[in-house]
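The next block holds one structure in the form of structure tokens; read it before the comments.
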Amino acid sequence: MSSWRLVLSIIGIAILTVGGDYFIKLASMSSRPVQNKWFVAGCVMYVLSTFGWVFALRHIKLSSIGVIYSLSIVVLLTALGVFVFGETLNRREIVGIGFAVVAIVLLGRFG
């Protein structure tokens with residue numbers, strides 16, 4: 001499997017995880033955060049991402065997955081916060097996100 005396909009697979013796993021985070025955030029805003037449909041939806045998304053991990057770990061070393069996954073989570077959660085929940089970023093945070101994107105590209109190219 002090509003390195004780009006592996007990177008995209010790991011980013012897909014991160015998207016599932018961020019989807020779970022989105023639903024957990026919605027659940028946390030209710031009066032009964034653990035007893036609603038958003039909590040269950042978040043848990044389902046987390047379980048689906050676990051299946052992706054099993055596949056990814058067969059094809060790439062854990063240290064590489066950890067870096068790509070962590071950077072992807074940072075970028076995706078930031079996008080979720082900004083575009084869905086209306087959060088704002090300062091200049092340093094924007095530069096940090098830029099470095100994370102460059103790191104993902106470099107790992108896909110040379111990792």
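By convention in this document, the chains of the structure tokens carry letters A, B, ... by their order, each chain's residues are numbered from 1, and ligands are numbered from 1 in the order they are shown.
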Stretch 58-67 of chain A surroundings by only C-alpha atoms, 12 Å radius, close-in-sequence under 4 positions cut, as a tab-separated table (two decimals) with N, CA and C atoms, in the first residue's frame:
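Okay, out10.tsv is ready:
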chain	number	residue	atom	x	y	z
A	1	MET	N	0.84	-1.18	0.00
A	1	MET	CA	0.00	0.00	0.00
A	1	MET	C	0.89	1.24	0.00
A	2	SER	N	0.54	2.24	-0.82
A	2	SER	CA	1.37	3.44	-0.92
A	2	SER	C	1.31	4.26	0.36
A	3	SER	N	2.35	5.07	0.56
A	3	SER	CA	2.40	5.87	1.78
A	3	SER	C	1.27	6.89	1.82
A	4	TRP	N	0.89	7.45	0.66
A	4	TRP	CA	-0.22	8.41	0.66
A	4	TRP	C	-1.53	7.75	1.03
A	5	ARG	N	-1.73	6.53	0.57
A	5	ARG	CA	-2.96	5.82	0.90
A	5	ARG	C	-3.02	5.54	2.40
A	6	LEU	N	-1.88	5.20	2.99
A	6	LEU	CA	-1.83	4.98	4.43
A	6	LEU	C	-2.10	6.27	5.20
A	7	VAL	N	-1.50	7.37	4.75
A	7	VAL	CA	-1.74	8.66	5.41
A	7	VAL	C	-3.22	9.02	5.32
A	8	LEU	N	-3.82	8.83	4.17
A	8	LEU	CA	-5.25	9.14	4.02
A	8	LEU	C	-6.11	8.23	4.88
A	9	SER	N	-5.71	6.97	5.04
A	9	SER	CA	-6.44	6.06	5.92
A	9	SER	C	-6.38	6.54	7.37
A	10	ILE	N	-5.21	6.98	7.79
A	10	ILE	CA	-5.06	7.47	9.17
A	10	ILE	C	-5.87	8.75	9.36
A	11	ILE	N	-5.87	9.63	8.36
A	11	ILE	CA	-6.69	10.84	8.44
A	11	ILE	C	-8.17	10.46	8.49
A	13	ILE	N	-9.38	7.78	9.88
A	13	ILE	CA	-9.61	7.36	11.27
A	13	ILE	C	-9.76	8.58	12.16
A	14	ALA	N	-8.92	9.58	11.92
A	14	ALA	CA	-9.02	10.82	12.71
A	14	ALA	C	-10.36	11.50	12.48
A	51	PHE	N	-11.76	0.06	14.68
A	51	PHE	CA	-11.58	-0.90	13.59
A	51	PHE	C	-10.57	-0.38	12.57
A	52	GLY	N	-10.60	0.92	12.32
A	52	GLY	CA	-9.61	1.52	11.42
A	52	GLY	C	-8.20	1.39	11.95
A	53	TRP	N	-8.04	1.54	13.27
A	53	TRP	CA	-6.72	1.38	13.89
A	53	TRP	C	-6.17	-0.02	13.65
A	54	VAL	N	-7.01	-1.03	13.79
A	54	VAL	CA	-6.56	-2.41	13.59
A	54	VAL	C	-6.01	-2.58	12.17
A	71	LEU	N	-1.41	14.88	14.67
A	71	LEU	CA	-1.46	16.13	13.92
A	71	LEU	C	-2.80	16.31	13.21
A	72	SER	N	-3.33	15.22	12.68
A	72	SER	CA	-4.64	15.28	12.02
A	72	SER	C	-5.73	15.67	13.01
A	73	ILE	N	-5.68	15.09	14.20
A	73	ILE	CA	-6.67	15.42	15.23
A	73	ILE	C	-6.59	16.91	15.57
A	74	VAL	N	-5.38	17.44	15.71
A	74	VAL	CA	-5.24	18.87	16.03
A	74	VAL	C	-5.88	19.73	14.95
A	100	ALA	N	1.55	21.97	11.57
A	100	ALA	CA	0.98	20.61	11.64
A	100	ALA	C	0.64	20.10	10.24
A	101	VAL	N	0.07	20.96	9.42
A	101	VAL	CA	-0.27	20.56	8.05
A	101	VAL	C	1.00	20.23	7.26
A	103	ALA	N	3.79	19.16	8.49
A	103	ALA	CA	4.31	17.89	9.02
A	103	ALA	C	3.56	16.70	8.43
A	104	ILE	N	2.26	16.81	8.29
A	104	ILE	CA	1.48	15.71	7.69
A	104	ILE	C	1.92	15.47	6.25
A	105	VAL	N	2.09	16.55	5.49
A	105	VAL	CA	2.53	16.42	4.10
A	105	VAL	C	3.91	15.78	4.04
A	106	LEU	N	4.84	16.22	4.88
A	106	LEU	CA	6.18	15.65	4.88
A	106	LEU	C	6.18	14.17	5.25
A	107	LEU	N	5.36	13.81	6.22
A	107	LEU	CA	5.29	12.39	6.59
A	107	LEU	C	4.68	11.56	5.47
A	108	GLY	N	3.72	12.10	4.76
A	108	GLY	CA	3.16	11.38	3.63
A	108	GLY	C	4.15	11.22	2.49
A	110	PHE	N	7.70	11.40	2.82
A	110	PHE	CA	8.96	10.73	3.16
A	110	PHE	C	8.82	9.66	4.22
A	111	GLY	N	7.64	9.54	4.86
A	111	GLY	CA	7.47	8.65	6.01
A	111	GLY	C	7.38	7.21	5.69
Which residues are close to A:Tyr22, i.e. within 12 Å by only C-alpha atoms, leaving aside same-chain residues fewer than 5 positions away? Reply as an mmCIF file with N, CA and C atoms, in the first residue's frame.
data_model
loop_
_atom_site.group_PDB
_atom_site.id
_atom_site.type_symbol
_atom_site.label_atom_id
_atom_site.label_comp_id
_atom_site.auth_asym_id
_atom_site.auth_seq_id
_atom_site.Cartn_x
_atom_site.Cartn_y
_atom_site.Cartn_z
ATOM 1 N N ILE A 15 -10.866 11.463 11.264
ATOM 2 C CA ILE A 15 -12.178 12.060 10.972
ATOM 3 C C ILE A 15 -13.272 11.341 11.754
ATOM 4 N N LEU A 16 -13.201 10.022 11.815
ATOM 5 C CA LEU A 16 -14.184 9.271 12.621
ATOM 6 C C LEU A 16 -14.099 9.677 14.095
ATOM 7 N N THR A 17 -12.884 9.819 14.594
ATOM 8 C CA THR A 17 -12.696 10.201 15.991
ATOM 9 C C THR A 17 -13.237 11.601 16.247
ATOM 10 N N ALA A 27 -23.516 16.173 23.314
ATOM 11 C CA ALA A 27 -24.053 15.518 24.517
ATOM 12 C C ALA A 27 -23.702 16.305 25.761
ATOM 13 N N SER A 28 -22.482 16.854 25.799
ATOM 14 C CA SER A 28 -22.039 17.574 26.998
ATOM 15 C C SER A 28 -22.817 18.861 27.224
ATOM 16 N N MET A 29 -23.470 19.368 26.201
ATOM 17 C CA MET A 29 -24.235 20.601 26.335
ATOM 18 C C MET A 29 -25.663 20.367 26.825
ATOM 19 N N TRP A 38 -26.817 11.694 21.436
ATOM 20 C CA TRP A 38 -25.523 12.201 20.991
ATOM 21 C C TRP A 38 -24.380 11.448 21.653
ATOM 22 N N PHE A 39 -24.543 11.111 22.905
ATOM 23 C CA PHE A 39 -23.518 10.332 23.601
ATOM 24 C C PHE A 39 -23.348 8.965 22.935
ATOM 25 N N VAL A 40 -24.451 8.322 22.631
ATOM 26 C CA VAL A 40 -24.399 7.007 21.976
ATOM 27 C C VAL A 40 -23.766 7.132 20.593
ATOM 28 N N ALA A 41 -24.137 8.160 19.845
ATOM 29 C CA ALA A 41 -23.557 8.360 18.508
ATOM 30 C C ALA A 41 -22.048 8.574 18.603
ATOM 31 N N GLY A 42 -21.596 9.339 19.589
ATOM 32 C CA GLY A 42 -20.163 9.551 19.785
ATOM 33 C C GLY A 42 -19.439 8.248 20.082
ATOM 34 N N CYS A 43 -20.030 7.432 20.932
ATOM 35 C CA CYS A 43 -19.423 6.131 21.262
ATOM 36 C C CYS A 43 -19.325 5.236 20.029
ATOM 37 N N MET A 45 -19.026 6.212 16.924
ATOM 38 C CA MET A 45 -17.946 6.738 16.081
ATOM 39 C C MET A 45 -16.577 6.311 16.613
ATOM 40 N N TYR A 46 -16.413 6.335 17.935
ATOM 41 C CA TYR A 46 -15.148 5.896 18.529
ATOM 42 C C TYR A 46 -14.888 4.415 18.243
ATOM 43 N N LEU A 76 -8.125 18.851 12.594
ATOM 44 C CA LEU A 76 -9.563 18.612 12.449
ATOM 45 C C LEU A 76 -10.371 19.165 13.621
ATOM 46 N N LEU A 77 -9.876 18.993 14.834
ATOM 47 C CA LEU A 77 -10.599 19.546 15.985
ATOM 48 C C LEU A 77 -10.603 21.071 15.957
ATOM 49 N N THR A 78 -9.510 21.659 15.496
ATOM 50 C CA THR A 78 -9.471 23.116 15.358
ATOM 51 C C THR A 78 -10.500 23.574 14.333
ATOM 52 N N ALA A 79 -10.557 22.892 13.189
ATOM 53 C CA ALA A 79 -11.547 23.240 12.164
ATOM 54 C C ALA A 79 -12.964 23.083 12.714
ATOM 55 N N LEU A 80 -13.210 22.030 13.451
ATOM 56 C CA LEU A 80 -14.530 21.815 14.051
ATOM 57 C C LEU A 80 -14.876 22.955 15.006
ATOM 58 N N GLY A 81 -13.935 23.317 15.853
ATOM 59 C CA GLY A 81 -14.179 24.391 16.806
ATOM 60 C C GLY A 81 -14.458 25.719 16.126
ATOM 61 N N PHE A 83 -15.310 26.335 12.705
ATOM 62 C CA PHE A 83 -16.396 26.392 11.725
ATOM 63 C C PHE A 83 -17.751 25.932 12.254
ATOM 64 N N VAL A 84 -17.758 25.080 13.257
ATOM 65 C CA VAL A 84 -19.041 24.576 13.771
ATOM 66 C C VAL A 84 -19.429 25.266 15.072
ATOM 67 N N PHE A 85 -18.462 25.437 15.967
ATOM 68 C CA PHE A 85 -18.784 25.993 17.279
ATOM 69 C C PHE A 85 -18.402 27.468 17.423
#
Expressed in Å, the length from atom CA of A:Phe23 to atom CA of A:Tyr69 is 19.4 Å
So how many Å separate atom CA of A:Arg92 and atom CA of A:Val18, to one decimal?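 A separation of 22.5 Å between them.
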Checklist line | DSSP alpha helix (DSSP H) residues within chain A, as a PyMOL selection string | finding: chain A and resi 3-28+37-59+62-83+91-110
**Request:** Could you jot down the atom CA of A:Val47 to atom CA of A:Glu87 separation for me, Å, one decimal place?
**Result:**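 Going from atom CA of A:Val47 over to atom CA of A:Glu87 covers 27.4 Å.
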